[in-house]
file entry_6.cif (mmCIF, C-alpha atoms)
data_query
#
loop_
_atom_site.label_atom_id
_atom_site.label_comp_id
_atom_site.auth_asym_id
_atom_site.auth_seq_id
_atom_site.Cartn_x
_atom_site.Cartn_y
_atom_site.Cartn_z
CA MET G 1121 -23.08 -18.64 64.38
CA SER G 1122 -22.79 -15.33 62.53
CA LYS G 1123 -19.50 -14.25 61.02
CA PRO G 1124 -17.59 -11.25 62.42
CA SER G 1125 -18.04 -8.10 60.33
CA ILE G 1126 -15.07 -6.32 58.78
CA LEU G 1127 -14.52 -3.33 56.53
CA VAL G 1128 -12.13 -3.29 53.58
CA ALA G 1129 -11.63 0.44 53.20
CA ARG G 1130 -10.07 0.54 49.71
CA ALA G 1131 -10.17 -1.63 46.60
CA ILE G 1132 -8.04 -4.77 46.78
CA PHE G 1133 -7.46 -7.85 44.63
CA PRO G 1134 -10.77 -9.71 44.15
CA GLU G 1135 -9.25 -13.05 45.13
CA VAL G 1136 -8.13 -11.63 48.50
CA LEU G 1137 -11.59 -10.19 49.03
CA GLN G 1138 -13.12 -13.58 48.25
CA SER G 1139 -10.87 -15.30 50.78
CA LEU G 1140 -11.95 -12.82 53.45
CA ALA G 1141 -15.62 -13.41 52.59
CA GLN G 1142 -15.21 -17.08 53.54
CA VAL G 1143 -14.45 -16.04 57.11
CA PHE G 1144 -16.14 -12.67 57.59
CA ASP G 1145 -19.16 -10.62 56.72
CA VAL G 1146 -17.30 -8.16 54.48
CA GLU G 1147 -18.22 -4.60 53.53
CA SER G 1148 -15.86 -3.62 50.75
CA ASN G 1149 -15.02 -0.50 48.78
CA GLN G 1150 -14.19 -1.85 45.32
CA THR G 1151 -15.20 1.50 43.80
CA ASP G 1152 -12.08 2.74 45.63
CA GLU G 1153 -13.53 5.95 47.01
CA VAL G 1154 -11.33 7.80 49.48
CA TRP G 1155 -13.72 8.35 52.36
CA SER G 1156 -13.77 11.35 54.64
CA PRO G 1157 -12.98 10.67 58.31
CA ALA G 1158 -16.68 10.95 59.12
CA GLU G 1159 -17.66 8.48 56.39
CA LEU G 1160 -14.92 6.06 57.43
CA SER G 1161 -16.16 6.21 61.02
CA ARG G 1162 -19.73 5.61 59.87
CA ARG G 1163 -18.70 2.61 57.79
CA LEU G 1164 -16.82 1.13 60.74
CA GLN G 1165 -19.94 0.99 62.91
CA GLY G 1166 -20.41 -2.59 64.07
CA LYS G 1167 -17.14 -3.80 62.51
CA ALA G 1168 -14.70 -5.94 64.47
CA GLY G 1169 -11.87 -5.33 62.04
CA ALA G 1170 -10.73 -3.23 59.12
CA LEU G 1171 -8.23 -3.52 56.29
CA THR G 1172 -6.83 -0.08 55.52
CA THR G 1173 -4.24 1.69 53.40
CA GLY G 1174 -2.26 4.84 54.15
CA SER G 1175 -5.22 7.03 53.21
CA GLU G 1176 -7.31 6.00 56.25
CA ARG G 1177 -6.48 7.81 59.48
CA ILE G 1178 -7.12 5.78 62.63
CA ASP G 1179 -7.16 8.19 65.56
CA ALA G 1180 -8.67 8.62 69.00
CA ALA G 1181 -11.89 10.22 67.76
CA LEU G 1182 -12.59 7.38 65.33
CA LEU G 1183 -11.78 4.77 67.97
CA GLN G 1184 -14.07 6.42 70.50
CA ALA G 1185 -16.91 6.30 67.99
CA ASN G 1186 -16.27 2.61 67.29
CA PRO G 1187 -15.67 0.87 70.62
CA GLN G 1188 -16.39 -2.55 69.10
CA LEU G 1189 -13.34 -2.36 66.79
CA ARG G 1190 -10.65 -4.92 67.65
CA ILE G 1191 -8.05 -4.78 64.87
CA VAL G 1192 -6.98 -2.56 61.98
CA ALA G 1193 -4.65 -4.17 59.43
CA ASN G 1194 -2.69 -1.72 57.28
CA MET G 1195 -1.79 -2.81 53.75
CA ALA G 1196 1.57 -1.05 54.02
CA VAL G 1197 4.80 -1.32 55.92
CA GLY G 1198 4.44 2.31 57.03
CA PHE G 1199 1.80 3.19 59.58
CA ASN G 1200 1.92 6.93 60.12
CA ASN G 1201 -1.84 6.92 59.47
CA PHE G 1202 -2.21 5.05 62.79
CA ASP G 1203 -2.22 6.70 66.19
CA VAL G 1204 -0.74 3.58 67.75
CA PRO G 1205 -0.83 4.81 71.39
CA ALA G 1206 -4.52 5.69 70.97
CA MET G 1207 -5.16 2.27 69.45
CA THR G 1208 -3.40 0.54 72.32
CA ALA G 1209 -5.36 2.58 74.86
CA ALA G 1210 -8.59 1.60 73.09
CA GLY G 1211 -7.63 -2.08 73.01
CA VAL G 1212 -7.34 -2.16 69.21
CA LEU G 1213 -4.55 -4.14 67.59
CA ALA G 1214 -2.54 -2.50 64.80
CA THR G 1215 -0.72 -4.52 62.13
CA ASN G 1216 1.34 -3.73 59.04
CA THR G 1217 2.99 -5.67 56.19
CA PRO G 1218 6.77 -5.81 56.69
CA ASP G 1219 9.19 -8.00 54.74
CA VAL G 1220 6.93 -8.81 51.77
CA LEU G 1221 7.77 -5.50 50.05
CA THR G 1222 11.42 -5.13 51.06
CA GLU G 1223 13.13 -6.28 47.88
CA THR G 1224 10.63 -4.70 45.50
CA THR G 1225 10.90 -1.34 47.26
CA ALA G 1226 14.70 -1.55 47.31
CA ASP G 1227 14.61 -2.27 43.57
CA PHE G 1228 12.51 0.82 42.98
CA GLY G 1229 14.71 2.97 45.20
CA PHE G 1230 17.62 2.05 42.99
CA ALA G 1231 15.57 2.60 39.83
CA LEU G 1232 14.67 6.09 41.05
CA LEU G 1233 18.30 6.77 41.92
CA MET G 1234 19.38 5.74 38.43
CA ALA G 1235 16.67 7.81 36.74
CA THR G 1236 17.60 10.83 38.86
CA ALA G 1237 21.35 10.59 38.44
CA ARG G 1238 21.13 9.95 34.70
CA ARG G 1239 18.46 12.62 34.06
CA VAL G 1240 16.00 10.19 32.49
CA THR G 1241 12.87 12.30 33.02
CA GLU G 1242 14.48 15.52 31.77
CA SER G 1243 15.78 13.84 28.64
CA GLU G 1244 12.48 12.11 27.86
CA HIS G 1245 10.57 15.39 28.12
CA TYR G 1246 13.16 16.96 25.82
CA LEU G 1247 12.75 14.19 23.26
CA ARG G 1248 8.93 14.19 23.40
CA ALA G 1249 8.91 17.96 22.87
CA GLY G 1250 10.74 17.47 19.56
CA LEU G 1251 13.82 19.36 20.75
CA TRP G 1252 16.37 16.63 19.98
CA LYS G 1253 18.03 17.73 16.74
CA LYS G 1254 21.59 16.49 17.18
CA TRP G 1255 23.95 14.67 19.53
CA SER G 1256 26.27 16.77 21.68
CA TYR G 1257 29.01 15.78 24.09
CA ASP G 1258 27.31 17.19 27.18
CA MET G 1259 23.66 16.57 26.33
CA PHE G 1260 21.99 15.50 29.57
CA ALA G 1261 25.30 14.41 31.04
CA GLY G 1262 24.41 13.26 34.55
CA ALA G 1263 26.13 11.92 37.63
CA GLU G 1264 28.12 8.70 37.86
CA VAL G 1265 26.48 5.93 39.85
CA HIS G 1266 28.97 3.07 39.65
CA GLY G 1267 31.87 3.65 42.02
CA SER G 1268 30.29 6.73 43.62
CA THR G 1269 29.30 7.18 47.26
CA ILE G 1270 25.74 6.56 48.45
CA GLY G 1271 24.53 7.78 51.83
CA ILE G 1272 21.49 5.97 53.22
CA ILE G 1273 19.46 7.57 55.99
CA GLY G 1274 17.42 4.83 57.64
CA MET G 1275 19.01 1.39 57.63
CA GLY G 1276 16.14 -0.99 58.22
CA ARG G 1277 15.25 -3.88 55.92
CA ILE G 1278 14.79 -1.69 52.83
CA GLY G 1279 17.86 0.43 53.52
CA GLN G 1280 19.93 -2.72 53.83
CA GLY G 1281 18.50 -3.98 50.53
CA ILE G 1282 19.57 -0.77 48.83
CA ALA G 1283 23.02 -0.98 50.43
CA ARG G 1284 23.53 -4.53 49.11
CA ARG G 1285 22.52 -3.48 45.60
CA ALA G 1286 24.81 -0.46 45.75
CA ALA G 1287 27.86 -2.24 47.14
CA HIS G 1288 27.66 -5.58 45.37
CA GLY G 1289 25.97 -4.54 42.13
CA PHE G 1290 27.43 -1.11 41.42
CA GLY G 1291 30.67 -1.05 43.39
CA MET G 1292 29.50 1.97 45.38
CA ASN G 1293 30.94 3.15 48.64
CA VAL G 1294 28.12 2.83 51.17
CA MET G 1295 27.71 5.01 54.24
CA TYR G 1296 24.64 5.16 56.43
CA HIS G 1297 23.09 6.99 59.33
CA ASN G 1298 20.49 5.40 61.57
CA ARG G 1299 19.05 5.79 65.06
CA SER G 1300 21.09 2.77 66.09
CA ARG G 1301 24.15 1.22 64.50
CA LEU G 1302 23.86 -2.13 62.72
CA SER G 1303 25.69 -5.19 63.98
CA ALA G 1304 29.21 -5.71 62.66
CA GLU G 1305 27.91 -8.73 60.72
CA LEU G 1306 25.23 -6.69 58.92
CA GLU G 1307 27.67 -3.86 58.22
CA THR G 1308 30.01 -6.36 56.59
CA GLU G 1309 27.20 -7.93 54.58
CA CYS G 1310 26.12 -4.50 53.31
CA LYS G 1311 29.68 -3.19 53.02
CA ALA G 1312 28.35 -0.15 54.88
CA ARG G 1313 30.07 2.35 57.14
CA TYR G 1314 28.23 4.14 59.94
CA VAL G 1315 28.68 7.94 59.93
CA SER G 1316 27.07 11.02 61.41
CA LYS G 1317 24.23 12.64 59.52
CA GLN G 1318 26.42 15.68 58.88
CA GLU G 1319 29.25 13.62 57.38
CA LEU G 1320 26.79 11.72 55.21
CA LEU G 1321 25.19 14.87 53.81
CA GLN G 1322 28.54 16.54 53.15
CA THR G 1323 30.20 13.50 51.57
CA ALA G 1324 27.63 11.44 49.67
CA ASP G 1325 27.18 11.74 45.94
CA HIS G 1326 23.68 10.31 46.31
CA VAL G 1327 21.51 10.55 49.44
CA MET G 1328 18.73 7.96 49.83
CA LEU G 1329 15.97 8.37 52.43
CA VAL G 1330 14.40 5.21 53.85
CA VAL G 1331 13.60 6.36 57.38
CA PRO G 1332 10.13 5.70 58.91
CA TYR G 1333 7.95 8.76 59.44
CA SER G 1334 7.47 10.05 62.98
CA ALA G 1335 7.32 13.41 64.71
CA GLU G 1336 11.08 13.10 65.23
CA SER G 1337 11.82 12.36 61.56
CA HIS G 1338 9.57 15.14 60.20
CA HIS G 1339 11.64 17.26 57.79
CA THR G 1340 14.74 15.14 58.27
CA ILE G 1341 15.84 16.96 55.12
CA GLY G 1342 15.08 20.67 55.11
CA ALA G 1343 16.82 23.82 53.95
CA ALA G 1344 19.69 23.44 56.41
CA GLU G 1345 20.40 19.85 55.36
CA LEU G 1346 20.14 20.62 51.64
CA ALA G 1347 22.68 23.40 52.13
CA GLN G 1348 25.17 20.83 53.45
CA MET G 1349 24.93 18.60 50.36
CA LYS G 1350 27.31 18.85 47.44
CA PRO G 1351 26.02 20.82 44.43
CA THR G 1352 26.59 17.70 42.32
CA ALA G 1353 24.62 15.45 44.70
CA THR G 1354 21.23 13.84 44.22
CA LEU G 1355 18.49 13.15 46.77
CA VAL G 1356 16.00 10.27 46.60
CA ASN G 1357 13.01 9.88 48.94
CA ILE G 1358 11.16 6.54 49.02
CA ALA G 1359 10.38 6.83 52.73
CA ARG G 1360 7.26 8.87 53.52
CA GLY G 1361 5.93 12.31 52.75
CA GLY G 1362 7.03 14.76 55.42
CA ILE G 1363 10.54 13.32 55.69
CA VAL G 1364 11.56 16.04 53.22
CA ASP G 1365 10.50 19.68 53.33
CA ASP G 1366 9.14 19.71 49.78
CA ALA G 1367 9.05 23.51 49.54
CA ALA G 1368 12.70 23.76 50.58
CA LEU G 1369 13.62 21.00 48.13
CA ALA G 1370 11.92 22.79 45.24
CA GLN G 1371 13.87 25.95 46.07
CA ALA G 1372 17.15 24.03 46.25
CA LEU G 1373 16.49 22.35 42.90
CA ALA G 1374 15.53 25.62 41.22
CA ALA G 1375 18.71 27.26 42.49
CA ARG G 1376 20.78 24.18 41.48
CA GLN G 1377 21.91 23.96 45.09
CA ILE G 1378 21.82 20.20 44.51
CA ALA G 1379 21.88 18.55 41.09
CA ALA G 1380 18.63 16.58 41.11
CA ALA G 1381 16.08 14.68 43.17
CA GLY G 1382 13.86 11.63 42.81
CA ILE G 1383 10.69 11.70 44.89
CA ASP G 1384 8.08 8.94 45.30
CA VAL G 1385 6.32 10.31 48.41
CA PHE G 1386 5.05 13.79 49.18
CA GLU G 1387 3.74 15.98 51.96
CA GLY G 1388 -0.05 15.99 51.75
CA GLU G 1389 -0.13 13.44 48.93
CA PRO G 1390 -1.78 12.94 46.51
CA SER G 1391 -1.26 16.71 46.32
CA VAL G 1392 2.23 17.66 45.17
CA HIS G 1393 3.87 20.97 46.03
CA PRO G 1394 3.36 23.10 42.87
CA ASP G 1395 6.95 24.31 42.85
CA LEU G 1396 8.18 20.71 42.45
CA LEU G 1397 6.17 20.51 39.24
CA LYS G 1398 7.99 23.54 37.83
CA VAL G 1399 11.60 22.37 38.15
CA PRO G 1400 13.07 20.14 35.45
CA ASN G 1401 15.71 18.37 37.56
CA VAL G 1402 13.38 16.13 39.53
CA VAL G 1403 11.88 12.69 38.88
CA LEU G 1404 8.38 12.42 40.36
CA THR G 1405 6.46 9.17 40.85
CA PRO G 1406 3.07 8.65 42.57
CA HIS G 1407 4.04 6.51 45.60
CA ILE G 1408 4.68 3.34 43.59
CA ALA G 1409 7.83 1.92 45.23
CA SER G 1410 6.07 -1.34 46.14
CA ALA G 1411 3.99 -1.47 42.96
CA THR G 1412 4.47 -4.86 41.41
CA ILE G 1413 1.51 -7.21 41.09
CA GLN G 1414 3.26 -9.94 43.09
CA THR G 1415 4.24 -7.63 45.94
CA ARG G 1416 0.95 -5.78 46.17
CA LYS G 1417 -0.89 -9.14 46.28
CA ALA G 1418 1.44 -10.28 49.05
CA MET G 1419 0.76 -7.07 50.99
CA ALA G 1420 -3.01 -7.46 50.63
CA GLN G 1421 -2.83 -11.13 51.62
CA LEU G 1422 -0.73 -10.43 54.71
CA ALA G 1423 -3.16 -7.73 55.84
CA ALA G 1424 -6.02 -10.21 55.29
CA ASP G 1425 -4.14 -12.96 57.10
CA ASN G 1426 -3.65 -10.64 60.09
CA LEU G 1427 -7.41 -10.08 60.28
CA VAL G 1428 -8.16 -13.79 60.07
CA ALA G 1429 -5.46 -14.78 62.56
CA TYR G 1430 -6.44 -12.24 65.18
CA LEU G 1431 -10.22 -12.43 64.93
CA THR G 1432 -10.30 -16.24 64.83
CA ARG G 1433 -7.29 -17.22 66.95
CA GLY G 1434 -6.43 -14.10 68.91
CA GLN G 1435 -2.90 -13.82 67.54
CA ALA G 1436 -1.89 -11.64 64.60
CA LEU G 1437 1.12 -12.33 62.39
CA THR G 1438 2.75 -8.87 62.33
CA PRO G 1439 1.44 -6.80 65.25
CA LEU G 1440 2.66 -3.27 65.85
CA ASN G 1441 1.41 -2.98 69.41
CA SER G 1442 0.87 -5.26 72.36
CA LEU G 1443 -2.46 -5.34 74.14
CA PRO G 1444 -2.90 -6.37 77.79
CA GLY G 1445 -4.13 -9.95 77.99
CA SER G 1446 -3.67 -10.52 74.26
CA ALA G 1447 -1.63 -13.28 72.65
CA ALA G 1448 -0.52 -10.76 70.02
#

call {"tool": "encode", "arguments": {"input": "entry_6.cif", "output": "structure tokens"}}
result
Amino acid sequence: MSKPSILVARAIFPEVLQSLAQVFDVESNQTDEVWSPAELSRRLQGKAGALTTGSERIDAALLQANPQLRIVANMAVGFNNFDVPAMTAAGVLATNTPDVLTETTADFGFALLMATARRVTESEHYLRAGLWKKWSYDMFAGAEVHGSTIGIIGMGRIGQGIARRAAHGFGMNVMYHNRSRLSAELETECKARYVSKQELLQTADHVMLVVPYSAESHHTIGAAELAQMKPTATLVNIARGGIVDDAALAQALAARQIAAAGIDVFEGEPSVHPDLLKVPNVVLTPHIASATIQTRKAMAQLAADNLVAYLTRGQALTPLNSLPGSAA
């Protein structure tokens, strides 16, 4: 009996690829090209499944051209590259990789907050440029983190991880805004207080964005929201590009409307708004919040396990949608 055919659309760990090859006929992309939509669709011809990253858009046109496709497993917790309703209508299962990256991403969110508040990038550029000639009392004096107030927008697994680090590790006052309020037990565990978005923006010393991307969350932070923040406040985005209006943020940073920002995700990435590259008071990282070897391997393995589980047993581990007549 022939093996089902799958496509691995980006380079992944060789050992994960080898494990997939034991079960499937695998076409891989270890050269790590970013394919055009047309090329991706062509490569998917005859494939029952695909392992994707955020750079592969799965939409109605691609699904129509590949009616044999049964599952697409995203190697990410986010899935704004998936048109999930179109996938459901086409009978294609969508999966992601929750949980395995929660703690690593929360760690990085806090690292980015610390670098932003304490002006790490600015000061390193200053040093590398040979400008450091003497110590001075206010040289790169930044914002206090310990004992300050953090406002978290989006209080899922990662947001809760950041809240625990803030409250228990740094003695911070934690407030949050979310589509729905956490249980009293979780609020106690995170030492977090539920507030309106307006109160959070106006009160927080540090605003952290961890909200999933959707049409509703597009530009959650724009010019109007930035205007509500304190001039001493910082903003950190580890959510998704498009949650922040990057052009408005660059203007706010240039005008010192807020003190600083730390950004790991961008609108239209890997392109970065050119005005963000011109302002000194921003820490920029290339979408690396989950980037530890252990976590990235776990993400790749979970995506692979979803393909194996669904195409051999009809039941995925972390499905995003439910298909009629499917065990998933």

call {"tool": "resolve_selection", "arguments": {"input": "entry_6.cif", "expression": "the PyMOL selection byres ((chain G and resi 1283-1298) around 9)", "output": "PyMOL selection string"}}
result
chain G and resi 1226-1227+1230+1265-1276+1278-1282+1299-1302+1309-1317+1320+1324+1331

call {"tool": "resolve_selection", "arguments": {"input": "entry_6.cif", "expression": "the PyMOL selection byres ((chain G and resi 1417) around 12)", "output": "list in words"}}
result
Ala1131, Ile1132, Phe1133, Pro1134, Glu1135, Val1136, Leu1137, Met1195, Ala1196, Thr1217, Val1220, Leu1221, Ser1410, Ala1411, Thr1412, Ile1413, Gln1414, Thr1415, Arg1416, Ala1418, Met1419, Ala1420, Gln1421, Leu1422, Ala1423, Ala1424 and Asp1425 of chain G

call {"tool": "write_last_selection", "arguments": {"input": "entry_6.cif", "atoms": "C-alpha atoms", "output": "CSV table (one decimal), in the frame of the given file"}}
result
chain,number,residue,atom,x,y,z
G,1131,ALA,CA,-10.2,-1.6,46.6
G,1132,ILE,CA,-8.0,-4.8,46.8
G,1133,PHE,CA,-7.5,-7.8,44.6
G,1134,PRO,CA,-10.8,-9.7,44.2
G,1135,GLU,CA,-9.2,-13.0,45.1
G,1136,VAL,CA,-8.1,-11.6,48.5
G,1137,LEU,CA,-11.6,-10.2,49.0
G,1195,MET,CA,-1.8,-2.8,53.8
G,1196,ALA,CA,1.6,-1.0,54.0
G,1217,THR,CA,3.0,-5.7,56.2
G,1220,VAL,CA,6.9,-8.8,51.8
G,1221,LEU,CA,7.8,-5.5,50.0
G,1410,SER,CA,6.1,-1.3,46.1
G,1411,ALA,CA,4.0,-1.5,43.0
G,1412,THR,CA,4.5,-4.9,41.4
G,1413,ILE,CA,1.5,-7.2,41.1
G,1414,GLN,CA,3.3,-9.9,43.1
G,1415,THR,CA,4.2,-7.6,45.9
G,1416,ARG,CA,1.0,-5.8,46.2
G,1418,ALA,CA,1.4,-10.3,49.0
G,1419,MET,CA,0.8,-7.1,51.0
G,1420,ALA,CA,-3.0,-7.5,50.6
G,1421,GLN,CA,-2.8,-11.1,51.6
G,1422,LEU,CA,-0.7,-10.4,54.7
G,1423,ALA,CA,-3.2,-7.7,55.8
G,1424,ALA,CA,-6.0,-10.2,55.3
G,1425,ASP,CA,-4.1,-13.0,57.1

call {"tool": "residues_around", "arguments": {"input": "entry_6.cif", "residues": "Leu1443 (chain G)", "least_positions_apart": "4", "cutoff": "8 Å", "atoms": "all atoms listed in the file", "output": "PyMOL selection string"}}
result
chain G and resi 1208+1211-1213+1448

call {"tool": "atom_distance", "arguments": {"input": "entry_6.cif", "atom1": "CA of Val1154 (chain G)", "atom2": "CA of Val1364 (chain G)"}}
result
24.6 Å

call {"tool": "residues_around", "arguments": {"input": "entry_6.cif", "residues": "Leu1373 (chain G)", "least_positions_apart": "5", "cutoff": "10 Å", "atoms": "all atoms listed in the file", "output": "ChimeraX atom specification"}}
result
/G:1346,1351,1354,1368,1378-1381,1395-1396,1398-1402

call {"tool": "build_atoms", "arguments": {"input": "entry_6.cif", "residues": "region 1268-1278 of chain G", "atoms": "all heavy atoms", "output": "PDB file, keeping the file's coordinate frame"}}
result
ATOM      1  N   SER G1268      30.511   5.497  42.846  1.00  0.00           N
ATOM      2  CA  SER G1268      30.290   6.730  43.620  1.00  0.00           C
ATOM      3  C   SER G1268      29.933   6.372  45.065  1.00  0.00           C
ATOM      4  O   SER G1268      29.925   5.204  45.458  1.00  0.00           O
ATOM      5  CB  SER G1268      29.177   7.556  42.976  1.00  0.00           C
ATOM      6  OG  SER G1268      27.947   6.847  43.014  1.00  0.00           O
ATOM      7  N   THR G1269      29.616   7.384  45.850  1.00  0.00           N
ATOM      8  CA  THR G1269      29.300   7.180  47.260  1.00  0.00           C
ATOM      9  C   THR G1269      27.816   7.421  47.505  1.00  0.00           C
ATOM     10  O   THR G1269      27.294   8.482  47.165  1.00  0.00           O
ATOM     11  CB  THR G1269      30.129   8.124  48.156  1.00  0.00           C
ATOM     12  OG1 THR G1269      31.516   7.800  48.010  1.00  0.00           O
ATOM     13  CG2 THR G1269      29.735   7.971  49.622  1.00  0.00           C
ATOM     14  N   ILE G1270      27.145   6.420  48.083  1.00  0.00           N
ATOM     15  CA  ILE G1270      25.740   6.560  48.450  1.00  0.00           C
ATOM     16  C   ILE G1270      25.637   6.681  49.974  1.00  0.00           C
ATOM     17  O   ILE G1270      26.321   5.983  50.711  1.00  0.00           O
ATOM     18  CB  ILE G1270      24.895   5.369  47.938  1.00  0.00           C
ATOM     19  CG1 ILE G1270      23.404   5.618  48.208  1.00  0.00           C
ATOM     20  CG2 ILE G1270      25.351   4.039  48.543  1.00  0.00           C
ATOM     21  CD1 ILE G1270      22.486   4.612  47.534  1.00  0.00           C
ATOM     22  N   GLY G1271      24.795   7.613  50.407  1.00  0.00           N
ATOM     23  CA  GLY G1271      24.530   7.780  51.830  1.00  0.00           C
ATOM     24  C   GLY G1271      23.075   7.439  52.102  1.00  0.00           C
ATOM     25  O   GLY G1271      22.171   8.068  51.540  1.00  0.00           O
ATOM     26  N   ILE G1272      22.843   6.447  52.933  1.00  0.00           N
ATOM     27  CA  ILE G1272      21.490   5.970  53.220  1.00  0.00           C
ATOM     28  C   ILE G1272      21.086   6.419  54.618  1.00  0.00           C
ATOM     29  O   ILE G1272      21.771   6.112  55.595  1.00  0.00           O
ATOM     30  CB  ILE G1272      21.421   4.430  53.115  1.00  0.00           C
ATOM     31  CG1 ILE G1272      21.874   3.967  51.730  1.00  0.00           C
ATOM     32  CG2 ILE G1272      20.010   3.930  53.420  1.00  0.00           C
ATOM     33  CD1 ILE G1272      22.078   2.463  51.619  1.00  0.00           C
ATOM     34  N   ILE G1273      19.999   7.151  54.693  1.00  0.00           N
ATOM     35  CA  ILE G1273      19.460   7.570  55.990  1.00  0.00           C
ATOM     36  C   ILE G1273      18.260   6.685  56.293  1.00  0.00           C
ATOM     37  O   ILE G1273      17.234   6.765  55.633  1.00  0.00           O
ATOM     38  CB  ILE G1273      19.067   9.052  55.981  1.00  0.00           C
ATOM     39  CG1 ILE G1273      20.290   9.931  55.688  1.00  0.00           C
ATOM     40  CG2 ILE G1273      18.433   9.450  57.317  1.00  0.00           C
ATOM     41  CD1 ILE G1273      19.999  11.426  55.661  1.00  0.00           C
ATOM     42  N   GLY G1274      18.417   5.839  57.307  1.00  0.00           N
ATOM     43  CA  GLY G1274      17.420   4.830  57.640  1.00  0.00           C
ATOM     44  C   GLY G1274      17.899   3.483  57.139  1.00  0.00           C
ATOM     45  O   GLY G1274      17.884   3.217  55.946  1.00  0.00           O
ATOM     46  N   MET G1275      18.358   2.632  58.054  1.00  0.00           N
ATOM     47  CA  MET G1275      19.010   1.390  57.630  1.00  0.00           C
ATOM     48  C   MET G1275      18.251   0.175  58.159  1.00  0.00           C
ATOM     49  O   MET G1275      18.825  -0.736  58.746  1.00  0.00           O
ATOM     50  CB  MET G1275      20.462   1.390  58.111  1.00  0.00           C
ATOM     51  CG  MET G1275      21.377   0.462  57.367  1.00  0.00           C
ATOM     52  SD  MET G1275      21.530   0.845  55.615  1.00  0.00           S
ATOM     53  CE  MET G1275      23.059  -0.011  55.252  1.00  0.00           C
ATOM     54  N   GLY G1276      16.935   0.185  57.919  1.00  0.00           N
ATOM     55  CA  GLY G1276      16.140  -0.990  58.220  1.00  0.00           C
ATOM     56  C   GLY G1276      16.241  -1.987  57.084  1.00  0.00           C
ATOM     57  O   GLY G1276      17.212  -2.006  56.326  1.00  0.00           O
ATOM     58  N   ARG G1277      15.204  -2.819  56.931  1.00  0.00           N
ATOM     59  CA  ARG G1277      15.250  -3.880  55.920  1.00  0.00           C
ATOM     60  C   ARG G1277      15.460  -3.303  54.510  1.00  0.00           C
ATOM     61  O   ARG G1277      16.274  -3.807  53.733  1.00  0.00           O
ATOM     62  CB  ARG G1277      13.943  -4.677  55.938  1.00  0.00           C
ATOM     63  CG  ARG G1277      13.641  -5.396  57.246  1.00  0.00           C
ATOM     64  CD  ARG G1277      12.276  -6.053  57.157  1.00  0.00           C
ATOM     65  NE  ARG G1277      11.847  -6.690  58.374  1.00  0.00           N
ATOM     66  CZ  ARG G1277      11.151  -6.095  59.341  1.00  0.00           C
ATOM     67  NH1 ARG G1277      10.835  -4.814  59.223  1.00  0.00           N
ATOM     68  NH2 ARG G1277      10.784  -6.757  60.418  1.00  0.00           N
ATOM     69  N   ILE G1278      14.699  -2.252  54.175  1.00  0.00           N
ATOM     70  CA  ILE G1278      14.790  -1.690  52.830  1.00  0.00           C
ATOM     71  C   ILE G1278      16.121  -0.985  52.621  1.00  0.00           C
ATOM     72  O   ILE G1278      16.763  -1.128  51.575  1.00  0.00           O
ATOM     73  CB  ILE G1278      13.605  -0.745  52.558  1.00  0.00           C
ATOM     74  CG1 ILE G1278      12.292  -1.531  52.613  1.00  0.00           C
ATOM     75  CG2 ILE G1278      13.757  -0.051  51.204  1.00  0.00           C
ATOM     76  CD1 ILE G1278      11.050  -0.657  52.631  1.00  0.00           C
TER      77      ILE G1278
END
